[in-house]
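First the structure, in the form of C-alpha cells, and then the observations on it.
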Amino acid sequence: MNLKKNLYFIFLVIFVNNIAICKLPTDTLKLKTMKDDTAKVNLLNQLAEELKDFNSEQGLNYAQKALELSQKLNYKSGIGSAFKALGINYYRMGVYDASLSNSLKASQIFSEINEKILLCRTLNNIGLVYSTRNDFTTSKKYFQKGLTIANQTNNEIEKSRILHNIALIEFYSGNIKTALKIHLQSLKFAEKKKEKMLIIYNYISLSNCYLKLEDFNLSFKNIIKAIEISEQYNNPNLKGIAYNQLAFFYLKIQKYDKTLENAKKAYNIAEINRNRYLRLESFNLITEAYTQLKDFKKALEFSSKSNLLSDSMKNESNIKSIAYIEAKFEYDKKLKEIEINKQQEIKYSNFITKIAVIISILLFLVSITLFQFYRLKSKTYNILIKKNKEIIELNKKLNTSNSTKDKFFSIIAHDLKNPFNSIMGFSELLIEQIKENDLEGIDKYAEIIQQSSHNAMDLLTNLLEWSQSQTGHIEFNPEYLELNGLINNVIALLENQAMQKSIKINKTTTKTLTLRADKDMLSTILRNLISNAIKFTNTNGEIHINAEQKNNQTIIKIKDNGIGINKNTLNKLFRIEENISSKGTNNEKGTGLGLVLCKEFIEKHGGEIWAESEEGIGSCFYFSIPQLNMVNNI
C-alpha cells in the first residue's frame, strides 16, 4: 500500500466533510414535540448532517424525512439541504453514485434560490466524490466553481477549505510546487479566521509537500507546528494524524526508531478514540519500520493486524451498500406515494380553483359598482377634510403670529414713547429757561435730550432693519471678509461711548482670520453686541472680544465684567414677544430690539447665538458663523 497516498486519502475524506470529533448529535427528543413546519425540517437536516460521522444509515433516515416534509411544505431551502445531507451520508457509506446524484440535485436547488454558501459547500462535496474516483479533472472543475462563489461572498473559511482540496489534487497529480503554493494560500485564510483545524491540516500537507521536494528541514518544522497547535486545540484525532505524518517523515529519512515511536503514539490515540483510519495508517507505518529494521516477526504481526482491520472495513462497506439498497427501495416507495397524493391534491385543487374563479368574477363585478360609488363619495369627503385641516392650521399660525406681533409692537410703541416724552419735556424746559435767560442746568437738559434722541434713533434704526428683513427687502450678499479689520471698524464707531465710561476694549483675534458673511449684517451684529456690553459695564470696566475657528465654523465671543443678567431675564433673551429692555450702568436706555435683530441676521448665515451671565460678575455673548455656509437669500 502506498503509505503517503493512503494518508492523504484520509485527509481528504475527514477534512472536507468536517468530521465531528467527539461530538454527539443534537437532542432528537425535540422532534417528538415539534409540529410539521420549516423549523422541524431544519432540525431534521441538522441531525442528518451530524449523524454522518456516527451513524450514516440513521442520517439517511433523517434526511429522507426532511425531504418529504420540505416537499410537502414546498420549502425550497429545506429540500436542497435534505438532498445535500443525503449526498454526504451516502458518501460516508461509500455509495458514490447516490451521493453524486443527490448532491447534484442540491446544487441545482441552491442555484435557483441563490443560496450561495450552501451551493459552495455542495460543489465541494461533488468535487470530493469525483476525487474519490480519481477523476481529478472533473473534481477540480467543481472545486473551482465552489472557490468562485467563496470569492464572491468573501467567505474565507470556504476559500481555505476548497484551496486545500485543490492543493491535494495537484499533489496527487505530481504538481508538488503548485500544491505547495496553494496550501500556503489556504493556510493564510485559515490563520486569518483562526480556524485551527484548517491550520493543522495545511501544516500537515505542507510537511508532506516539502518532504516530497526533499526539503527535510521545512518538512520537519511544519509537522512540528501541526503537533503544537493540535495540542492547544485539544483534538486527539488531529494530533494522531500529525504524529503519523511525523512517523512518515522519519521513515523517509530512515530513522526507523523515531518512526515506531510516533506511529505508536498515533495508534494509542486511535485506540482511545476508535478511529479505524488512523489505526490502519499506524499499522502500515509500524509494519514498514519493522521491515526496514529486519524485525520480520514484528513486521508480520502488524501486517496481519493491518489486513484484518482493512478486511473488516471492506466488509462493513459492503454491508452499508446493502443498507443503501434497502434504504433506496423504501425511499423510492415513499416518493411514489407522495406523487400519487400529489396528483389527487392537484385534481381537487383544480376543481376548487374553478369554483373560486366563478365566485371571484361575480364578486369582482359587484365590487366595481360599489367601489365606484364609494370612491366618488370618499374623494369628496377627503378633499373637504384636507381643506378643513389646512384652514385650521393656517388660522393657528396666523393667530400665533398676530398675537406675537401685537405684543411686540405694543412694547416698541411704549419704548418709542419714552424717549420722545423726554425730548419734548426737556425741550420745553430748555426753551423756558433760555427765554428767562436762566442758563443754569440747561447743559444737563441738552444732554438728556441728546441721549433720548440717540435712544430713539437706535430703536428706529433697529426697527427699520428688522422690518426690512421680515419683508425680504434686505439682500443677503455673503463675501469673504477679514474679521479683524471689521471688528476694528465697529470698535472705532463705539470708541467715544466707551471712553465716556473709561471702559477698556481688549481684542484677541487671529490677524488672518477670514470668514464668508454679509458685511452689513455682521457689522450690525457686532455693533449691537459691543454697544450692549458698553451700556451694562461699569466705569473703568473691561470688554474682551475673541474670535476663533473651530469645527468648520467661526465662533465670536464678547465678554464684559458688568452688572450681569438674572436667570429669568437670560431665558427670555432673543425672543421677539419679550423684547427685554434694561437700563445701563449710567441709565443708558437699550432699544430692546437689538438682540432680536442679531438673532435674525445670525440665523440667515446658518449660525447660532447664545449667552452666559451671572449677576454682579458680567455677561458673555457668543455667536457662530459656519465657514462654508449655504444660505438662501432673505
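Going by the C-alpha cells order, chains are called A, B, ..., each with residues numbered from 1, while ligands are numbered from 1 in the order shown.
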
- request: Write out as number ranges by chain which residues come within 7 Å of Thr122 in chain A when counting only C-alpha atoms, dropping same-chain ones fewer than 6 positions away.
  value: A: 84, 103, 107

Keeping all heavy atoms, export the residues of the selection given above as an mmCIF file, in the first residue's frame.
```
data_model
loop_
_atom_site.group_PDB
_atom_site.id
_atom_site.type_symbol
_atom_site.label_atom_id
_atom_site.label_comp_id
_atom_site.auth_asym_id
_atom_site.auth_seq_id
_atom_site.Cartn_x
_atom_site.Cartn_y
_atom_site.Cartn_z
ATOM 1 N N LYS A 84 -28.601 17.620 0.048
ATOM 2 C CA LYS A 84 -27.191 17.764 0.445
ATOM 3 C C LYS A 84 -26.843 16.756 1.544
ATOM 4 O O LYS A 84 -25.792 16.105 1.503
ATOM 5 C CB LYS A 84 -26.948 19.182 0.929
ATOM 6 C CG LYS A 84 -25.526 19.475 1.426
ATOM 7 C CD LYS A 84 -25.402 20.948 1.787
ATOM 8 C CE LYS A 84 -24.048 21.252 2.405
ATOM 9 N NZ LYS A 84 -23.926 20.742 3.767
ATOM 10 N N SER A 103 -26.279 15.147 -4.440
ATOM 11 C CA SER A 103 -25.526 16.404 -4.339
ATOM 12 C C SER A 103 -25.788 17.305 -5.543
ATOM 13 O O SER A 103 -25.892 18.531 -5.410
ATOM 14 C CB SER A 103 -24.024 16.122 -4.214
ATOM 15 O OG SER A 103 -23.744 15.444 -3.011
ATOM 16 N N SER A 107 -27.327 21.060 -5.541
ATOM 17 C CA SER A 107 -26.667 22.215 -6.171
ATOM 18 C C SER A 107 -27.617 22.960 -7.102
ATOM 19 O O SER A 107 -27.589 24.194 -7.187
ATOM 20 C CB SER A 107 -25.425 21.753 -6.940
ATOM 21 O OG SER A 107 -25.777 20.992 -8.074
#
```

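Closest approach to Arg133 in chain A among A:Lys116, A:Tyr91, A:Ala167, A:Leu429: A:Tyr91, based on only C-alpha atoms.
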
field: Interatomic distance, CA of Phe249 in chain A to CA of Asp135 in chain A (Å, one decimal)
entry: 28.1 Å

Which residues, written as a PDB file with N, CA and C atoms, in the first residue's frame, have at least one atom at most 8 Å from range 583-588 of chain A, with only C-alpha atoms counted and residues fewer than 6 positions away on the same chain left out?
```pdb
ATOM      1  N   GLN A 451     -29.307 112.261  24.575  1.00  0.00           N
ATOM      2  CA  GLN A 451     -29.312 110.821  24.873  1.00  0.00           C
ATOM      3  C   GLN A 451     -30.631 110.185  24.437  1.00  0.00           C
ATOM      4  N   LYS A 535     -22.907  99.505  27.513  1.00  0.00           N
ATOM      5  CA  LYS A 535     -24.009 100.030  28.324  1.00  0.00           C
ATOM      6  C   LYS A 535     -24.061  99.385  29.701  1.00  0.00           C
ATOM      7  N   PHE A 536     -23.820  98.067  29.750  1.00  0.00           N
ATOM      8  CA  PHE A 536     -24.021  97.328  31.003  1.00  0.00           C
ATOM      9  C   PHE A 536     -22.720  97.032  31.751  1.00  0.00           C
ATOM     10  N   THR A 537     -21.637  97.766  31.369  1.00  0.00           N
ATOM     11  CA  THR A 537     -20.360  97.630  32.076  1.00  0.00           C
ATOM     12  C   THR A 537     -20.113  98.904  32.879  1.00  0.00           C
ATOM     13  N   ASN A 538     -19.646  98.732  34.113  1.00  0.00           N
ATOM     14  CA  ASN A 538     -19.387  99.879  34.995  1.00  0.00           C
ATOM     15  C   ASN A 538     -18.198 100.692  34.506  1.00  0.00           C
ATOM     16  N   ILE A 563     -22.769  94.338  35.010  1.00  0.00           N
ATOM     17  CA  ILE A 563     -23.733  94.025  36.066  1.00  0.00           C
ATOM     18  C   ILE A 563     -24.360  92.646  35.909  1.00  0.00           C
TER      19      ILE A 563
END
```

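Of the residues in range 579-625 of chain A, those given strand (DSSP E or B) by DSSP on the backbone are A:Lys583, A:Lys589, A:Ile609, A:Trp610, A:Ala611, A:Glu612, A:Ser613, A:Glu614, A:Gly618, A:Ser619, A:Cys620, A:Phe621, A:Tyr622, A:Phe623, A:Ser624, A:Ile625.
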
Put those residues in a file: all heavy atoms, as a tab-separated table (two decimals), in the first residue's frame.
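Output file out-v4.tsv is given in full below:
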```
chain	number	residue	atom	x	y	z
A	583	LYS	N	-31.95	99.25	31.70
A	583	LYS	CA	-31.11	100.44	31.75
A	583	LYS	C	-29.66	100.04	32.01
A	583	LYS	O	-29.38	99.11	32.75
A	583	LYS	CB	-31.60	101.38	32.85
A	583	LYS	CG	-32.92	102.07	32.51
A	583	LYS	CD	-33.28	103.10	33.55
A	583	LYS	CE	-34.58	103.82	33.14
A	583	LYS	NZ	-34.95	104.87	34.11
A	589	LYS	N	-30.49	103.80	28.04
A	589	LYS	CA	-31.70	103.04	27.71
A	589	LYS	C	-31.43	102.17	26.48
A	589	LYS	O	-31.02	102.67	25.43
A	589	LYS	CB	-32.86	104.00	27.44
A	589	LYS	CG	-34.20	103.29	27.23
A	589	LYS	CD	-34.72	102.71	28.52
A	589	LYS	CE	-36.13	102.16	28.33
A	589	LYS	NZ	-36.18	101.02	27.43
A	609	ILE	N	-26.75	81.95	18.18
A	609	ILE	CA	-26.34	82.91	19.20
A	609	ILE	C	-26.80	82.41	20.56
A	609	ILE	O	-27.89	81.85	20.68
A	609	ILE	CB	-26.90	84.33	18.91
A	609	ILE	CG1	-26.37	85.33	19.95
A	609	ILE	CG2	-28.41	84.34	18.86
A	609	ILE	CD1	-26.64	86.78	19.58
A	610	TRP	N	-25.97	82.58	21.59
A	610	TRP	CA	-26.33	82.17	22.94
A	610	TRP	C	-25.56	83.05	23.95
A	610	TRP	O	-24.63	83.77	23.57
A	610	TRP	CB	-26.06	80.69	23.16
A	610	TRP	CG	-24.63	80.27	23.13
A	610	TRP	CD1	-23.79	80.05	24.17
A	610	TRP	CD2	-23.84	79.99	21.94
A	610	TRP	NE1	-22.55	79.65	23.75
A	610	TRP	CE2	-22.56	79.60	22.39
A	610	TRP	CE3	-24.09	80.04	20.57
A	610	TRP	CZ2	-21.54	79.27	21.51
A	610	TRP	CZ3	-23.08	79.69	19.70
A	610	TRP	CH2	-21.81	79.32	20.17
A	611	ALA	N	-25.98	82.99	25.19
A	611	ALA	CA	-25.37	83.86	26.20
A	611	ALA	C	-25.20	83.13	27.51
A	611	ALA	O	-25.95	82.21	27.84
A	611	ALA	CB	-26.23	85.11	26.40
A	612	GLU	N	-24.18	83.57	28.28
A	612	GLU	CA	-23.94	83.09	29.64
A	612	GLU	C	-23.79	84.34	30.52
A	612	GLU	O	-23.16	85.32	30.12
A	612	GLU	CB	-22.67	82.25	29.71
A	612	GLU	CG	-22.75	80.97	28.89
A	612	GLU	CD	-21.40	80.26	28.82
A	612	GLU	OE1	-20.40	80.81	29.33
A	612	GLU	OE2	-21.34	79.17	28.22
A	613	SER	N	-24.36	84.31	31.71
A	613	SER	CA	-24.25	85.50	32.57
A	613	SER	C	-24.45	85.14	34.04
A	613	SER	O	-25.09	84.14	34.36
A	613	SER	CB	-25.30	86.53	32.13
A	613	SER	OG	-25.15	87.73	32.87
A	614	GLU	N	-23.88	86.01	34.89
A	614	GLU	CA	-24.05	85.87	36.34
A	614	GLU	C	-24.13	87.28	36.92
A	614	GLU	O	-23.26	88.12	36.64
A	614	GLU	CB	-22.88	85.09	36.95
A	614	GLU	CG	-23.14	84.70	38.38
A	614	GLU	CD	-22.07	83.76	38.92
A	614	GLU	OE1	-21.33	83.16	38.11
A	614	GLU	OE2	-21.96	83.65	40.15
A	618	GLY	N	-20.79	89.64	35.35
A	618	GLY	CA	-20.70	90.02	33.95
A	618	GLY	C	-21.42	89.05	33.03
A	618	GLY	O	-21.99	88.05	33.49
A	619	SER	N	-21.37	89.35	31.75
A	619	SER	CA	-22.06	88.53	30.74
A	619	SER	C	-21.11	88.19	29.61
A	619	SER	O	-20.12	88.90	29.37
A	619	SER	CB	-23.27	89.29	30.16
A	619	SER	OG	-24.16	89.68	31.19
A	620	CYS	N	-21.44	87.10	28.91
A	620	CYS	CA	-20.64	86.68	27.76
A	620	CYS	C	-21.60	86.25	26.66
A	620	CYS	O	-22.40	85.33	26.86
A	620	CYS	CB	-19.69	85.54	28.14
A	620	CYS	SG	-18.55	85.14	26.81
A	621	PHE	N	-21.55	86.94	25.52
A	621	PHE	CA	-22.39	86.60	24.37
A	621	PHE	C	-21.54	85.91	23.30
A	621	PHE	O	-20.43	86.38	22.99
A	621	PHE	CB	-23.05	87.85	23.80
A	621	PHE	CG	-24.22	88.33	24.61
A	621	PHE	CD1	-24.04	89.02	25.80
A	621	PHE	CD2	-25.52	88.06	24.19
A	621	PHE	CE1	-25.12	89.44	26.56
A	621	PHE	CE2	-26.61	88.48	24.94
A	621	PHE	CZ	-26.41	89.17	26.13
A	622	TYR	N	-22.06	84.79	22.75
A	622	TYR	CA	-21.37	84.03	21.71
A	622	TYR	C	-22.25	84.00	20.46
A	622	TYR	O	-23.48	83.93	20.55
A	622	TYR	CB	-21.14	82.58	22.12
A	622	TYR	CG	-20.37	82.37	23.39
A	622	TYR	CD1	-20.99	82.41	24.63
A	622	TYR	CD2	-19.00	82.08	23.36
A	622	TYR	CE1	-20.29	82.19	25.81
A	622	TYR	CE2	-18.29	81.85	24.54
A	622	TYR	CZ	-18.94	81.90	25.76
A	622	TYR	OH	-18.25	81.66	26.90
A	623	PHE	N	-21.61	84.00	19.30
A	623	PHE	CA	-22.36	83.64	18.09
A	623	PHE	C	-21.41	82.95	17.11
A	623	PHE	O	-20.20	83.17	17.13
A	623	PHE	CB	-23.06	84.85	17.47
A	623	PHE	CG	-22.15	85.88	16.83
A	623	PHE	CD1	-21.86	85.84	15.47
A	623	PHE	CD2	-21.63	86.92	17.60
A	623	PHE	CE1	-21.06	86.81	14.89
A	623	PHE	CE2	-20.83	87.89	17.02
A	623	PHE	CZ	-20.53	87.84	15.65
A	624	SER	N	-21.98	82.07	16.29
A	624	SER	CA	-21.18	81.28	15.35
A	624	SER	C	-21.60	81.56	13.92
A	624	SER	O	-22.77	81.80	13.63
A	624	SER	CB	-21.34	79.78	15.65
A	624	SER	OG	-22.69	79.40	15.44
A	625	ILE	N	-20.62	81.55	13.02
A	625	ILE	CA	-20.86	81.68	11.57
A	625	ILE	C	-20.17	80.49	10.89
A	625	ILE	O	-18.94	80.36	11.00
A	625	ILE	CB	-20.27	83.00	11.01
A	625	ILE	CG1	-20.85	84.20	11.74
A	625	ILE	CG2	-20.52	83.09	9.51
A	625	ILE	CD1	-22.31	84.47	11.46
```

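With CA of Ile491 in chain A on one side and CA of Gln553 in chain A on the other, the separation reads 22.9 Å.
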
message: Just to confirm, what's the straight-line distance from CA of Met197 in chain A to CA of Lys265 in chain A in Å (one decimal)?
response: 19.7 Å
